[in-house]
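Asker: Hey, dropping data_34.txt in here, compact mmCIF, N, CA and C atoms:
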```
# COMPACT_ATOMS: atom_id res chain seq x y z
N THR A 193 -131.56 62.15 59.70
CA THR A 193 -131.72 63.50 60.20
C THR A 193 -133.15 63.66 60.71
N PRO A 194 -133.38 64.67 61.53
CA PRO A 194 -134.75 64.90 62.01
C PRO A 194 -135.76 65.12 60.88
N ASP A 195 -135.35 65.81 59.81
CA ASP A 195 -136.27 66.03 58.68
C ASP A 195 -136.66 64.72 58.01
N ILE A 196 -135.69 63.83 57.81
CA ILE A 196 -135.97 62.54 57.18
C ILE A 196 -136.88 61.71 58.07
N LEU A 197 -136.63 61.71 59.37
CA LEU A 197 -137.49 60.97 60.29
C LEU A 197 -138.92 61.51 60.27
N LYS A 198 -139.07 62.82 60.19
CA LYS A 198 -140.40 63.43 60.13
C LYS A 198 -141.12 63.01 58.85
N MET A 199 -140.42 63.04 57.71
CA MET A 199 -141.03 62.63 56.44
C MET A 199 -141.45 61.16 56.49
N ALA A 200 -140.58 60.31 57.05
CA ALA A 200 -140.90 58.89 57.14
C ALA A 200 -142.12 58.67 58.03
N ASP A 201 -142.17 59.35 59.17
CA ASP A 201 -143.30 59.23 60.08
C ASP A 201 -144.59 59.66 59.39
N GLN A 202 -144.57 60.80 58.72
CA GLN A 202 -145.77 61.29 58.04
C GLN A 202 -146.20 60.34 56.92
N GLY A 203 -145.23 59.79 56.20
CA GLY A 203 -145.56 58.86 55.12
C GLY A 203 -146.23 57.60 55.65
N VAL A 204 -145.70 57.05 56.74
CA VAL A 204 -146.30 55.85 57.33
C VAL A 204 -147.71 56.16 57.84
N ARG A 205 -147.87 57.30 58.50
CA ARG A 205 -149.20 57.67 59.00
C ARG A 205 -150.20 57.86 57.86
N ARG A 206 -149.77 58.48 56.76
CA ARG A 206 -150.66 58.66 55.61
C ARG A 206 -151.06 57.31 55.01
N LEU A 207 -150.08 56.41 54.89
CA LEU A 207 -150.36 55.08 54.35
C LEU A 207 -151.36 54.35 55.25
N LEU A 208 -151.12 54.39 56.56
CA LEU A 208 -152.04 53.72 57.49
C LEU A 208 -153.42 54.37 57.45
N GLY A 209 -153.48 55.69 57.26
CA GLY A 209 -154.77 56.36 57.11
C GLY A 209 -155.47 55.94 55.84
N HIS A 210 -154.70 55.84 54.74
CA HIS A 210 -155.27 55.43 53.45
C HIS A 210 -155.82 54.01 53.54
N LEU A 211 -155.15 53.14 54.29
CA LEU A 211 -155.60 51.75 54.45
C LEU A 211 -156.72 51.61 55.46
N GLY A 212 -157.05 52.71 56.18
CA GLY A 212 -158.12 52.67 57.16
C GLY A 212 -157.70 52.21 58.54
N VAL A 213 -156.40 52.06 58.76
CA VAL A 213 -155.90 51.62 60.07
C VAL A 213 -155.92 52.80 61.05
N LEU A 214 -155.57 53.99 60.59
CA LEU A 214 -155.59 55.20 61.41
C LEU A 214 -156.66 56.15 60.89
N SER A 215 -157.17 56.98 61.80
CA SER A 215 -158.10 58.02 61.37
C SER A 215 -157.97 59.20 62.32
N GLY A 216 -158.57 60.31 61.93
CA GLY A 216 -158.60 61.48 62.80
C GLY A 216 -157.28 62.18 62.90
N SER A 217 -156.97 62.65 64.11
CA SER A 217 -155.82 63.52 64.33
C SER A 217 -154.48 62.80 64.25
N LEU A 218 -154.47 61.49 64.13
CA LEU A 218 -153.21 60.76 64.02
C LEU A 218 -152.57 60.93 62.65
N ILE A 219 -153.38 61.35 61.68
CA ILE A 219 -152.86 61.57 60.33
C ILE A 219 -152.46 63.03 60.21
N PRO A 220 -151.22 63.34 59.84
CA PRO A 220 -150.76 64.73 59.77
C PRO A 220 -151.58 65.55 58.79
N GLU A 221 -151.78 66.82 59.13
CA GLU A 221 -152.53 67.74 58.30
C GLU A 221 -151.69 68.31 57.16
N GLU A 222 -150.36 68.31 57.32
CA GLU A 222 -149.47 68.88 56.29
C GLU A 222 -149.62 68.13 54.98
N PRO A 223 -149.71 68.84 53.86
CA PRO A 223 -149.74 68.14 52.58
C PRO A 223 -148.36 67.55 52.28
N PRO A 224 -148.32 66.46 51.54
CA PRO A 224 -147.01 65.88 51.21
C PRO A 224 -146.22 66.81 50.31
N MET A 225 -144.90 66.67 50.34
CA MET A 225 -144.04 67.48 49.48
C MET A 225 -144.29 67.12 48.02
N GLN A 226 -144.18 68.10 47.15
CA GLN A 226 -144.34 67.85 45.72
C GLN A 226 -143.05 67.22 45.18
N PRO A 227 -143.18 66.28 44.25
CA PRO A 227 -141.97 65.65 43.70
C PRO A 227 -141.16 66.65 42.89
N ARG A 228 -139.85 66.45 42.89
CA ARG A 228 -138.95 67.26 42.06
C ARG A 228 -138.29 66.32 41.06
N PHE A 229 -138.36 66.68 39.80
CA PHE A 229 -137.73 65.87 38.78
C PHE A 229 -136.32 66.40 38.57
N MET A 230 -135.35 65.51 38.80
CA MET A 230 -133.94 65.92 38.75
C MET A 230 -133.17 64.95 37.88
N TRP A 231 -131.99 65.36 37.48
CA TRP A 231 -131.13 64.49 36.69
C TRP A 231 -129.70 64.63 37.18
N VAL A 232 -128.90 63.64 36.83
CA VAL A 232 -127.50 63.59 37.25
C VAL A 232 -126.61 63.65 36.03
N ASP A 233 -125.68 64.59 36.03
CA ASP A 233 -124.67 64.69 34.98
C ASP A 233 -123.48 63.84 35.42
N PRO A 234 -123.20 62.75 34.74
CA PRO A 234 -122.13 61.85 35.19
C PRO A 234 -120.74 62.49 35.20
N MET A 235 -120.57 63.61 34.50
CA MET A 235 -119.26 64.26 34.46
C MET A 235 -119.12 65.36 35.52
N LYS A 236 -120.25 65.89 36.03
CA LYS A 236 -120.17 67.05 36.91
C LYS A 236 -120.79 66.87 38.29
N HIS A 237 -121.53 65.81 38.50
CA HIS A 237 -122.30 65.70 39.74
C HIS A 237 -121.71 64.73 40.77
N TYR A 238 -120.44 64.42 40.66
CA TYR A 238 -119.79 63.56 41.64
C TYR A 238 -118.53 64.23 42.14
N VAL A 239 -118.21 64.02 43.41
CA VAL A 239 -116.94 64.48 43.99
C VAL A 239 -116.25 63.24 44.54
N TYR A 240 -115.00 63.05 44.14
CA TYR A 240 -114.23 61.89 44.56
C TYR A 240 -113.03 62.32 45.41
N ALA A 241 -112.63 61.46 46.32
CA ALA A 241 -111.45 61.72 47.15
C ALA A 241 -110.21 61.69 46.27
N SER A 242 -109.39 62.71 46.40
CA SER A 242 -108.17 62.79 45.59
C SER A 242 -107.03 62.00 46.22
N GLU A 243 -107.14 61.73 47.54
CA GLU A 243 -106.09 61.00 48.24
C GLU A 243 -106.68 60.20 49.39
N ASP A 244 -105.89 59.29 49.94
CA ASP A 244 -106.30 58.57 51.15
C ASP A 244 -106.26 59.53 52.32
N GLY A 245 -107.18 59.40 53.25
CA GLY A 245 -107.18 60.27 54.43
C GLY A 245 -108.48 60.18 55.20
N VAL A 246 -108.77 61.24 55.93
CA VAL A 246 -110.00 61.34 56.72
C VAL A 246 -110.85 62.45 56.14
N PHE A 247 -112.08 62.10 55.79
CA PHE A 247 -113.03 62.98 55.10
C PHE A 247 -113.76 63.87 56.10
N GLU A 248 -113.71 65.20 55.85
CA GLU A 248 -114.47 66.17 56.63
C GLU A 248 -115.41 66.90 55.67
N PRO A 249 -116.71 66.57 55.69
CA PRO A 249 -117.64 67.24 54.79
C PRO A 249 -117.85 68.69 55.19
N LEU A 250 -118.00 69.56 54.21
CA LEU A 250 -118.24 70.98 54.46
C LEU A 250 -119.67 71.39 54.11
N VAL A 251 -120.46 70.46 53.55
CA VAL A 251 -121.87 70.70 53.23
C VAL A 251 -122.67 69.47 53.65
N GLY A 252 -123.98 69.63 53.71
CA GLY A 252 -124.85 68.53 54.12
C GLY A 252 -125.84 68.12 53.05
N LEU A 253 -126.57 67.07 53.33
CA LEU A 253 -127.61 66.61 52.41
C LEU A 253 -128.66 67.70 52.21
N GLY A 254 -129.07 67.86 50.98
CA GLY A 254 -130.09 68.86 50.66
C GLY A 254 -129.55 70.25 50.39
N ASP A 255 -128.27 70.48 50.67
CA ASP A 255 -127.68 71.79 50.40
C ASP A 255 -127.56 72.03 48.90
N GLU A 256 -127.78 73.26 48.49
CA GLU A 256 -127.55 73.67 47.10
C GLU A 256 -126.11 74.18 47.02
N VAL A 257 -125.35 73.68 46.05
CA VAL A 257 -123.94 74.04 45.94
C VAL A 257 -123.65 74.57 44.53
N GLU A 258 -122.54 75.28 44.41
CA GLU A 258 -122.15 75.89 43.15
C GLU A 258 -120.82 75.29 42.66
N THR A 259 -120.59 75.39 41.38
CA THR A 259 -119.33 74.96 40.77
C THR A 259 -118.17 75.67 41.45
N GLY A 260 -117.15 74.93 41.84
CA GLY A 260 -115.97 75.49 42.47
C GLY A 260 -116.05 75.63 43.98
N GLN A 261 -117.23 75.47 44.55
CA GLN A 261 -117.40 75.58 46.00
C GLN A 261 -116.65 74.46 46.71
N GLU A 262 -116.10 74.75 47.87
CA GLU A 262 -115.42 73.72 48.66
C GLU A 262 -116.44 72.69 49.13
N ALA A 263 -116.13 71.42 48.90
CA ALA A 263 -117.03 70.32 49.26
C ALA A 263 -116.57 69.64 50.55
N ALA A 264 -115.26 69.41 50.65
CA ALA A 264 -114.74 68.63 51.78
C ALA A 264 -113.25 68.89 51.94
N LEU A 265 -112.78 68.50 53.10
CA LEU A 265 -111.34 68.48 53.37
C LEU A 265 -110.94 67.03 53.59
N ILE A 266 -109.77 66.67 53.08
CA ILE A 266 -109.19 65.36 53.36
C ILE A 266 -107.99 65.61 54.26
N HIS A 267 -108.06 65.08 55.48
CA HIS A 267 -106.99 65.23 56.47
C HIS A 267 -106.07 64.02 56.42
N PHE A 268 -104.83 64.22 56.84
CA PHE A 268 -103.81 63.17 56.77
C PHE A 268 -103.27 62.89 58.17
N PRO A 269 -103.92 61.99 58.92
CA PRO A 269 -103.50 61.74 60.30
C PRO A 269 -102.07 61.18 60.41
N GLU A 270 -101.59 60.52 59.37
CA GLU A 270 -100.22 59.99 59.41
C GLU A 270 -99.19 61.09 59.20
N SER A 271 -99.63 62.24 58.67
CA SER A 271 -98.76 63.40 58.45
C SER A 271 -99.47 64.64 59.00
N PRO A 272 -99.55 64.79 60.32
CA PRO A 272 -100.35 65.87 60.90
C PRO A 272 -99.87 67.28 60.53
N GLU A 273 -98.62 67.42 60.11
CA GLU A 273 -98.12 68.75 59.72
C GLU A 273 -98.60 69.15 58.33
N ARG A 274 -99.09 68.17 57.57
CA ARG A 274 -99.54 68.44 56.20
C ARG A 274 -100.93 69.09 56.23
N PRO A 275 -101.10 70.19 55.49
CA PRO A 275 -102.43 70.82 55.46
C PRO A 275 -103.44 69.92 54.75
N PRO A 276 -104.72 70.04 55.10
CA PRO A 276 -105.72 69.19 54.44
C PRO A 276 -105.88 69.53 52.97
N GLU A 277 -106.23 68.52 52.20
CA GLU A 277 -106.52 68.68 50.77
C GLU A 277 -107.96 69.16 50.63
N VAL A 278 -108.18 70.19 49.80
CA VAL A 278 -109.53 70.71 49.58
C VAL A 278 -110.12 70.03 48.34
N CYS A 279 -111.32 69.47 48.49
CA CYS A 279 -112.06 68.90 47.36
C CYS A 279 -113.16 69.90 47.00
N ARG A 280 -113.35 70.15 45.72
CA ARG A 280 -114.34 71.13 45.26
C ARG A 280 -115.38 70.47 44.36
N PHE A 281 -116.54 71.11 44.28
CA PHE A 281 -117.58 70.64 43.39
C PHE A 281 -117.23 71.04 41.96
N VAL A 282 -117.39 70.11 41.03
CA VAL A 282 -117.12 70.36 39.61
C VAL A 282 -118.34 70.97 38.94
N GLY A 283 -119.52 70.70 39.47
CA GLY A 283 -120.77 71.24 38.94
C GLY A 283 -121.61 71.78 40.07
N SER A 284 -122.77 72.33 39.72
CA SER A 284 -123.68 72.84 40.74
C SER A 284 -124.90 71.94 40.82
N GLY A 285 -125.61 72.03 41.94
CA GLY A 285 -126.82 71.24 42.13
C GLY A 285 -127.12 71.05 43.60
N MET A 286 -127.98 70.09 43.89
CA MET A 286 -128.35 69.77 45.26
C MET A 286 -127.63 68.49 45.69
N VAL A 287 -127.11 68.50 46.92
CA VAL A 287 -126.44 67.32 47.46
C VAL A 287 -127.51 66.28 47.77
N ILE A 288 -127.47 65.13 47.06
CA ILE A 288 -128.45 64.08 47.30
C ILE A 288 -127.84 62.86 47.97
N CYS A 289 -126.52 62.80 48.05
CA CYS A 289 -125.85 61.68 48.71
C CYS A 289 -124.52 62.19 49.27
N LYS A 290 -124.22 61.75 50.50
CA LYS A 290 -122.97 62.15 51.14
C LYS A 290 -122.35 60.92 51.79
N ARG A 291 -121.07 60.75 51.61
CA ARG A 291 -120.36 59.63 52.21
C ARG A 291 -120.47 59.69 53.73
N VAL A 292 -120.63 58.52 54.37
CA VAL A 292 -120.73 58.47 55.83
C VAL A 292 -119.40 58.12 56.48
N PRO A 293 -118.71 57.05 56.07
CA PRO A 293 -117.45 56.75 56.75
C PRO A 293 -116.43 57.88 56.55
N ALA A 294 -115.71 58.21 57.60
CA ALA A 294 -114.74 59.30 57.52
C ALA A 294 -113.46 58.87 56.80
N ARG A 295 -113.03 57.64 57.02
CA ARG A 295 -111.78 57.18 56.40
C ARG A 295 -112.02 56.95 54.91
N THR A 296 -111.21 57.57 54.08
CA THR A 296 -111.40 57.45 52.63
C THR A 296 -110.14 56.94 51.95
N ARG A 297 -110.35 56.41 50.78
CA ARG A 297 -109.25 56.00 49.90
C ARG A 297 -109.39 56.81 48.62
N ARG A 298 -108.30 57.02 47.95
CA ARG A 298 -108.32 57.76 46.69
C ARG A 298 -109.37 57.13 45.77
N GLY A 299 -110.22 57.97 45.20
CA GLY A 299 -111.26 57.50 44.28
C GLY A 299 -112.60 57.23 44.94
N ASP A 300 -112.69 57.24 46.27
CA ASP A 300 -113.98 57.04 46.93
C ASP A 300 -114.90 58.21 46.59
N CYS A 301 -116.17 57.90 46.36
CA CYS A 301 -117.15 58.95 46.09
C CYS A 301 -117.52 59.63 47.40
N LEU A 302 -117.40 60.96 47.45
CA LEU A 302 -117.70 61.73 48.66
C LEU A 302 -119.09 62.35 48.59
N PHE A 303 -119.47 62.85 47.43
CA PHE A 303 -120.77 63.49 47.25
C PHE A 303 -121.35 63.13 45.89
N HIS A 304 -122.68 63.22 45.82
CA HIS A 304 -123.43 62.97 44.60
C HIS A 304 -124.46 64.10 44.51
N LEU A 305 -124.48 64.80 43.40
CA LEU A 305 -125.40 65.92 43.21
C LEU A 305 -126.48 65.57 42.18
N ALA A 306 -127.52 66.38 42.16
CA ALA A 306 -128.54 66.31 41.11
C ALA A 306 -128.99 67.74 40.83
N SER A 307 -129.44 67.99 39.60
CA SER A 307 -129.94 69.31 39.18
C SER A 307 -131.39 69.19 38.77
N GLU A 308 -132.10 70.32 38.87
CA GLU A 308 -133.48 70.36 38.41
C GLU A 308 -133.52 69.99 36.93
N GLN A 309 -134.48 69.17 36.59
CA GLN A 309 -134.66 68.77 35.20
C GLN A 309 -135.69 69.66 34.56
N ASP A 310 -135.39 70.18 33.40
CA ASP A 310 -136.36 70.98 32.65
C ASP A 310 -137.56 70.09 32.35
N GLU A 311 -138.76 70.57 32.63
CA GLU A 311 -139.96 69.76 32.46
C GLU A 311 -140.18 69.33 31.01
N ASN A 312 -139.56 69.99 30.07
CA ASN A 312 -139.70 69.63 28.66
C ASN A 312 -138.71 68.55 28.22
N LEU A 313 -137.77 68.25 29.07
CA LEU A 313 -136.75 67.27 28.72
C LEU A 313 -137.05 65.91 29.33
N ILE A 314 -136.68 64.87 28.63
CA ILE A 314 -136.80 63.52 29.18
C ILE A 314 -135.55 63.19 29.97
N GLY A 315 -134.43 63.66 29.55
CA GLY A 315 -133.15 63.42 30.22
C GLY A 315 -132.22 64.56 29.91
N PRO A 316 -130.98 64.51 30.40
CA PRO A 316 -130.05 65.60 30.20
C PRO A 316 -129.71 65.84 28.73
N ASP A 317 -129.91 64.83 27.87
CA ASP A 317 -129.59 64.99 26.46
C ASP A 317 -130.81 65.37 25.63
N GLY A 318 -131.96 65.53 26.28
CA GLY A 318 -133.15 65.96 25.57
C GLY A 318 -133.96 64.80 25.15
```
Would you mind writing the file's structure down as structure tokens?

Answerer:
Amino acid sequence: TPDILKMADQGVRRLLGHLGVLSGSLIPEEPPMQPRFMWVDPMKHYVYASEDGVFEPLVGLGDEVETGQEAALIHFPESPERPPEVCRFVGSGMVICKRVPARTRRGDCLFHLASEQDENLIGPDG
């Protein structure tokens, strides 16, 4: 995405500036993004295809989603009269991974979420 390309470009320029290869206006003035500590709940942060078909995502990378929200539609090109199957998020969080190939098989992972980690916790279990 354009945002990812911008981050990569700025990171490379900062590294080259740090190493002394670049100087002056070639190094971006924007401060780097602050890290976010997140965790993944293995029971709630994945969405899997319920059937074979064609995957149509309804959200993008970086989107914040809620439990029960529609995540994707699975279309059935071999049965065009059949309505698409709706896949929903089981938990809430930020979309950190999204399947790229459209053709899916039952059980394929469609989305991967992560949630903000409480700064006092080491992991989801404390």

Asker: Which residues in chain A does DSSP call strand (DSSP E or B)? List them as a count of residues only.

Answerer: 38

Asker: Of the candidates A:Arg295, A:Arg280, A:Lys290, A:Arg205, which shows the shortest atom-to-atom distance to Asp255 in chain A, using only C-alpha atoms?

Answerer: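 Looking at the shortest contact to Asp255 in chain A, the residue is A:Lys290.
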
Asker: Box time for range 293-312 of chain A: axis-aligned, enclosing all its listed atoms, 8 Å extra on each side; report centre and edge lengths in Å to one decimal, as lines of an AutoDock Vina configuration file.

Answerer:
```
center_x = -124.2
center_y = 63.5
center_z = 42.9
size_x = 47.9
size_y = 31.0
size_z = 45.4
```

Asker: Which one is closest to Tyr238 in chain A: A:Phe281, A:Thr193, A:Pro275, A:Arg298? Count only C-alpha atoms.

Answerer: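 Closest to Tyr238 in chain A of all the choices is A:Phe281.
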
Asker: Which residues are near Tyr240 in chain A? Cut-off 7 Å, all atoms listed in the file, ignore same chain within fewer than 3 positions. Put them as a list of chain:residue names.

Answerer: A:Glu243, A:Cys279, A:Arg298, A:Gly299, A:Asp300, A:Cys301, A:Leu302, A:Phe303

Asker: Residues within 6.5 Å of Thr296 in chain A, please, as a list of chain:residue names. Count only N, CA and C atoms; anything in the same chain fewer than 6 positions from it doesn't count.

Answerer: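 Here the qualifying residues turn out to be A:Glu243, A:Asp244, A:Gly245, A:Val246, A:Phe247.
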